[in-house]
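To start, the structure itself, in structure tokens.
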Amino acid sequence: MTQFIRYSLAILLISLASCQQVLEPQPTTLLVDNLVLNEPNDVQPVRIGLYSALRGMSAPNIMAGDFTADYVQANGTFTDNIEFGTKRITATNGIVNALWGSIYNTVYVANFILEKLPAITNISDATRKTVTAEARFLRGWANFIGAYTYGDIPRVTTTDPVTNRTVPRVAKATILASVLEDYQAALADLPNVTSASTNATNNATYLNKVNCRAAMARYYLYLKNWVQAEDLSTQVINSNVYKIEPEYANVITKDFISESILEVGYNLSDDPGTSATSLNNILVGRREIIPSNQYVSLMISAESGTRRETITFDAQQQRGNDNGWTVRKYGTASEDNNNIVLMRLAEMYLIRAEARAQQNKITGANGAVADLNALRARAKAPVVALTAQGDVLLAVERERIYELSFEGHRWYDLVRTGRAQAVLSAFSPNWNNRFELWPIPQPEIQQNSALTQNPGY
Amino acid sequence: MRKFYSLICWSVLLAILPGWLLAQGVRITGRVTSTQDGQPIPGVNIVVKGTTNGVSTDANGNYTINVPDNSAILLLTSIGLVTQEVTVGNRTVINVQMQESINELAQVVVTGYNTTQKKDITGSIASVSPEKFKDIPIASFDQALQGQAAGVQVSQSSGTPGGGLMVRIRGNTSISASNRPLFIVDGVPVEDGALTGRDFGGQTDNAFSMFNANDIESMEVLKDASAKAIYGSRAANGVVVITTKRGKAQKTSFTIDVQRGLSEIIRRPDLMNSSELLELQREAVVNAGQDPDKFGLIKGVTDGQNTDWINSVLRRGVFQQYQLSTRGGNDRTQFYISGSYRDEEGVQLNSQFTRYTGQIKLDHKATSQLSFGTNITISHVKNKRVKGDNFLDGVYSGAIKSLPYYSPYNEQGRLYGPNDPEYAGFPNFNPVAQALLPRFNTYTDKLLAGVYAEYEFIQNLRFRSKLSIDYNNVIEDQYESSQTAIGGYLENVGGQGYGVFSTITLATLINTNTLTYNFQTAEKHHFNTLLGFEVLQRTERGGNVQGRLFASDDFTYINSAGIVDQGGSGVANSGLLSTFGELRYDYNDRYLATLTARYDGSSRFGQSRRFGVFPSASVAWRLSGEPFMEQFRFLNELKLRASYGFTGNERIGDFQFLGTWASNTYSGATGVGPAALANPTLQWERTREANIGFDASFFNGRFSVTVDAYDNLTDKLLFAQPIPQTTGFGAVQGNIGKVSNRGVELTISTVNTNSAVRWTTDLNLSHNENKVVELASKEPVFRGYQGNGVSNTNVILPGQPLGTFWGLKFLGVDPATGNAIYDDKNGDGRISPDDGQVIGNAQPKLYGGLTNKVSWKGIDLSVFFQGSYGNSVLNFTNVTLLNTGTDLQNNQSRQALKRWRKEGDITSVPKYVYQDTYNNYLSSRFLEDGSFIRLKNVTLGYNLPKKWVNKAKITNTRIFASATNIWTLTRYSGPDPEVSTLDGSTTAQGIDFFTLPQVKTVIVGLSLIF
């Protein structure tokens, strides 16, 4: 018996020694919370994570801008896309939910940096300033998209989950004011970039003062502050950091061209693949969304010029409802151009053209028409020779289709210019003015009783 | 010299003294034989009643025992035999004939770490003997439980060979954690569920198909807290304890089993032919105000071809299984060795399951105190799989949807590939090509091995230590050529061939140490104690690599890929550290009580909640042992039982309590992004279980009945609670909510006639009421597939059971317009997702099985029915096959012939309008009654007369024919009410989504023992 007790004690002791190992294995593919952003070496990975959050937001943002608008038709089996194609968008739409989630994911990472970065010592002042400015800019960017997609949205300023679970919607104007505040704070601290910089990839991948100004030009355009919009877009154009690409074909097929102001990049190993929010998958792989016939005839007209290469035709795919056309801006994986361009210089010309036209600066070297023709020249399309303000504004609207279609602008443009009802009800019998805003995702309404749904949904 | 002799004399005297002392009294010898066939029975335990003095019979049935005096009574016991008491009297040679037991209460039952006789059980345990499934060609042992034990619900998710099954014991206890029971094979918690990594559209593989069910000696299902609490934090879903065959002290015997047969799908879906479909599609386009000719829907042209796709991808599968086993041994060493081969062709082209298994079990008694042994099970499986269910490029799923306008082969006999102008475009892929061209080979190796040693310090005080490993290695070797959907169509995946190679290793290392001591005081107080300590460590290790852009389809391995850009590897460990104990007590075999507890520490929980205690207590009263019951002579056994206790569920996956960040990328740089919110107080789910029941046996065991009623409440539910995304996260792990399961179980076994014709009946019926009692919020939590026009197919809602279906309520078709009418629940005048409501649930009200066996002379017949009543099935297939014109890319069910066509039509199928989604919203239109009764198996066997076979030195020869799944009675309109996509899901069970129906199999078999 004593022998037995001795043995069992020995076994017990050996076992207890292994207890730690058995009960506390370490995760190998995850980083535990309290190890994130508490030493200088953590700053860079978290900063990249912030940009990764921006990238996560980009595809659903493009889908909002283009799929809600008039020039697409559904051609597949995904209900989300059929809802967009037939204009029967519901609060349960997966893309509606995905954009919302990715916006607040970005806001979370930005707030996390803003909260934790001050506590880290031993980092250079420049790094601290840059990363803080980047966090503020991207929080502003996320809220800007949120406000123009969903209207009044919750304003999240902390990482505290308890607060954020019951946060109510605030007026769109309040959100937009906070966006401006973030942009202005970012502008002060973001790094300079000069026309001497030839690193097109770097200049479009990370934030600097010039691409911050480009975002502000867009901001003022949306707010109809024409003076500021003209001024800021001019600053971006004149900075000469970003240059118009000579061939429009490169805009479609190449990554990080010199025209690119802000571009989120993928490479072969992190390609979004067959995800429902992969633009490449939806537009090219599965062709869930194809261009509408009306759009096709617009794009293959002489006015469009070389921008017609945005879409291609394959007779083999033409059958039934399928017109055989495919949007090419998001290529194929093996072509390696899945990147999403969020801002490029051509948009600055169009912002300036619109701002100038609104101020009735139509002709001459500083007129709206000159800006339009700058893009037409590149596209080898006939020059515009309009003089009436209304005509020029319509020409800008059309030019934005030629130039920027499937880059996430159209629906936002139609809504902000008040043209949505006219254009979209002509396009689809199902159009309803409630679609000028996306619904708040159904799960959010259910989880947070402080939220209300947009009218009509 | 004298001194020397005297020393020897004294030594001899001393040496024989103990023997002489023991030999006082009477020495009895004898032989134990079988009443049935007169053969000697080895291994019968013989004890002098009221003492611990005992022996067992040798290989020839002989024994020798010393008894104190003539009044001694010998107690003879053996598994499966009726216990006998023999008074010694004046005899010195006592030959005993023993009868095979028809009294189930006398059987020995494995209760986890211990064994006991069924009559001494105080908890609720169901046994399934191999006799019940030996003639059914089951691929995995969990299938053997179907319809065989009350409280055990098994449904087979599909007809995929070696595929997954859903096994539930006393309902679903959990929302997010696993609901699978804990399966213990020879003391090891074995891997359950799927072993492979890659998704095949819904149907998984099944780890249990690695075992040869013919090697099983016994299966016990532990159902109540008293029986399960010894497994503590893993026991809430029930425990199935499986013991494989071991050697016997007998003459070496050999068994050969040969089975061959054919299998075929049980029922085909009823689909439209070309002309029916064309007419329908033209009508849909016209109803949408468009010109069908412009869609290329032209009579006489489009329907020129009429392909029956289901017939094109299905076949008759050949089934074969061979097994050779041998067992034998002597008093000191016993062995069991077996080897088997199984080859099962699936009914889908190119699907095949091939398995090789080997098993060795050795037990050796080194001294009277020390014994040791080993068990080794190895198996190798080659599984040729095909895609299905929720995959556009599936085989059966593709065939259902494929338009009959196209054919699989062109005029030259070449398979159509994707992008072929002669073939339908996306989302249609040639299902025949999808079956024949890809290579989806899965190679799985399993090693289940253990060594044990047992030492008996003093009589009945035993220490046993066992070290075991369950090692599983899976290799997935896949290639999809450029003529397949993934390899050829989806350029962003394959483009030009797509190859995957992945390996996964799942290993569990476990060391179990137990100390048992059985004793009695004052003759009437019997104690049975057990104390144990166990360490378990599980490692999951895997890696995979993908390649694409292959030079040609002749190169199918990644060595020849143009781009190898996707891959990964990882490892995860988890551990469990436990102590446990059990105390069983009975007074005079009449009043019984059991106390059980386990103290578990799990790596899956935060430090503050790492350890937990799971106690249980039970009592039983053997009324039949009371003197006042002796007047009721028809009653052999009557035992009342009651138990109460707590069990847990820790299977939520690893590291869920940690707040974590995962790596992510941006433009070629690597960073980190938030992955999960922390919850340091995360802990196991706890189930409070209460059970009452009785076991009764009448008329010499001719009629026995067991009834159990239970009331279980699981609280602290592990639940990934959805939270507003404004927090930056979609969900947080917490212990929120309660689920209750209440039910009644009835098991009846009768021997209807026991003369020349022996007819027995086994019936089991179970009723379980499952309900979510409480959740974090009253808001519905959606699960399952996304629905059209309404949130999801499934919902978790307080007051409703798990597996509740959600949707719009379909009120019928408006005879005036042909449009669907839905219930406007919130009364706002329009149909929106807010009108979604509970439309049914997948939980049956009643399920069970009925087996009748008749034997006469050498002939035996067994008829086994199994069924389920009161459950709904969501015919999600019909969202595509009865899609009211949402798209023109899918064939339609012939139910669409009943569609609304003109004003005044009264029908349940709405008008077809091209691209109109309204009529096809997810609604109760797709919900059907899933009740069924199935003739699961009929077996007819014949034992060749002994006098013939004995001449060839063969002990027994049996030939039989067995038919499985041959007849089903159901109102369900799809091919099979039992199937379920999302194999094993709890919240989204009972959904038929292009799922391959089960197969019916007819086999003939031969069994030779010599």
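Residue names in the structure tokens use chain letters A, B, ... in the order shown, residue numbers from 1 in each chain, and ligand numbers from 1 in the order shown.
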
- prompt: Taking only C-alpha atoms into account, which residues of chain A are within 6 Å of chain B, as a PyMOL selection string?
  reply: chain A and resi 22-25+30-33+45-46+48-49+52+92+101+104-105+108+161+164-165+265-266+269+273+285+316+320+332-333+444+446-447

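For range 63-195 of chain A, backbone-based DSSP labels the following residues as strand (DSSP E): Val72, Gln73, Ala74, Ile153, Pro154, Arg169 and Val170 of chain A.
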
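Going from CA of Tyr220 in chain A to CA of Glu397 in chain A covers 17.0 Å.
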
I'd like the neighbourhood of Gln320 in chain B as a PDB file with N, CA and C atoms, in the first residue's frame, where a residue qualifies if any of its atoms comes within 9 Å (using only C-alpha atoms), though same-chain residues fewer than 5 positions away should be ignored.
```pdb
ATOM      1  N   VAL B 258     -18.195 -12.364 -45.573  1.00  0.00           N
ATOM      2  CA  VAL B 258     -18.152 -11.851 -46.941  1.00  0.00           C
ATOM      3  C   VAL B 258     -19.489 -11.200 -47.227  1.00  0.00           C
ATOM      4  N   GLN B 259     -19.461  -9.972 -47.712  1.00  0.00           N
ATOM      5  CA  GLN B 259     -20.710  -9.302 -48.074  1.00  0.00           C
ATOM      6  C   GLN B 259     -20.528  -8.613 -49.411  1.00  0.00           C
ATOM      7  N   ARG B 260     -21.515  -8.811 -50.272  1.00  0.00           N
ATOM      8  CA  ARG B 260     -21.481  -8.122 -51.565  1.00  0.00           C
ATOM      9  C   ARG B 260     -22.873  -7.612 -51.877  1.00  0.00           C
ATOM     10  N   GLY B 261     -22.944  -6.483 -52.558  1.00  0.00           N
ATOM     11  CA  GLY B 261     -24.269  -5.965 -52.865  1.00  0.00           C
ATOM     12  C   GLY B 261     -24.250  -4.808 -53.834  1.00  0.00           C
ATOM     13  N   LEU B 262     -25.431  -4.250 -54.009  1.00  0.00           N
ATOM     14  CA  LEU B 262     -25.612  -3.138 -54.936  1.00  0.00           C
ATOM     15  C   LEU B 262     -26.350  -2.028 -54.210  1.00  0.00           C
ATOM     16  N   TYR B 341     -11.650  -5.410 -45.302  1.00  0.00           N
ATOM     17  CA  TYR B 341     -11.572  -4.594 -46.508  1.00  0.00           C
ATOM     18  C   TYR B 341     -12.988  -4.235 -46.899  1.00  0.00           C
ATOM     19  N   ARG B 342     -13.208  -2.971 -47.176  1.00  0.00           N
ATOM     20  CA  ARG B 342     -14.541  -2.527 -47.571  1.00  0.00           C
ATOM     21  C   ARG B 342     -14.406  -1.617 -48.787  1.00  0.00           C
ATOM     22  N   ASP B 343     -15.247  -1.840 -49.739  1.00  0.00           N
ATOM     23  CA  ASP B 343     -15.193  -1.016 -50.938  1.00  0.00           C
ATOM     24  C   ASP B 343     -16.624  -0.675 -51.317  1.00  0.00           C
ATOM     25  N   GLU B 344     -16.908   0.612 -51.350  1.00  0.00           N
ATOM     26  CA  GLU B 344     -18.273   1.052 -51.573  1.00  0.00           C
ATOM     27  C   GLU B 344     -18.278   2.099 -52.677  1.00  0.00           C
ATOM     28  N   GLU B 345     -18.882   1.749 -53.781  1.00  0.00           N
ATOM     29  CA  GLU B 345     -19.030   2.733 -54.850  1.00  0.00           C
ATOM     30  C   GLU B 345     -20.216   3.609 -54.541  1.00  0.00           C
ATOM     31  N   ILE B1003     -27.697  -6.486 -50.143  1.00  0.00           N
ATOM     32  CA  ILE B1003     -26.464  -7.274 -50.092  1.00  0.00           C
ATOM     33  C   ILE B1003     -26.773  -8.731 -49.803  1.00  0.00           C
TER      34      ILE B1003
END
```

DSSP-assigned alpha helix (DSSP H) among range 38-205 of chain A, expressed as a count of residues only: 113

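By chain and then residue number, the residues within 9 Å of Leu811 in chain B are B:Asp814, B:Ala820, B:Ile821, B:Tyr822, B:Asp823, B:Ser924, B:Arg925, counting only C-alpha atoms and disregarding those fewer than 3 positions away in sequence.
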
Emit the selected residues as a compact mmCIF listing (two decimals), in the first residue's frame, including N, CA and C atoms.
```
# COMPACT_ATOMS: atom_id res chain seq x y z
N ASP B 814 -52.92 34.39 -54.94
CA ASP B 814 -54.08 35.23 -55.27
C ASP B 814 -54.67 34.75 -56.60
N ALA B 820 -48.06 35.57 -55.03
CA ALA B 820 -48.07 34.99 -53.70
C ALA B 820 -48.68 36.00 -52.73
N ILE B 821 -49.42 35.47 -51.76
CA ILE B 821 -49.92 36.34 -50.70
C ILE B 821 -49.17 35.96 -49.43
N TYR B 822 -48.53 36.94 -48.83
CA TYR B 822 -47.82 36.69 -47.59
C TYR B 822 -48.53 37.41 -46.46
N ASP B 823 -48.32 36.90 -45.27
CA ASP B 823 -48.91 37.51 -44.09
C ASP B 823 -48.16 38.80 -43.77
N SER B 924 -43.25 30.02 -45.94
CA SER B 924 -43.71 28.69 -45.53
C SER B 924 -44.12 27.86 -46.74
N ARG B 925 -44.14 28.47 -47.94
CA ARG B 925 -44.37 27.70 -49.16
C ARG B 925 -43.35 26.57 -49.29
```

query: With only C-alpha atoms as the basis for distance, which of A:Val96, A:Ala69, A:Met348, A:Ile362 is at the shortest distance from Arg213 in chain A?
result: A:Met348
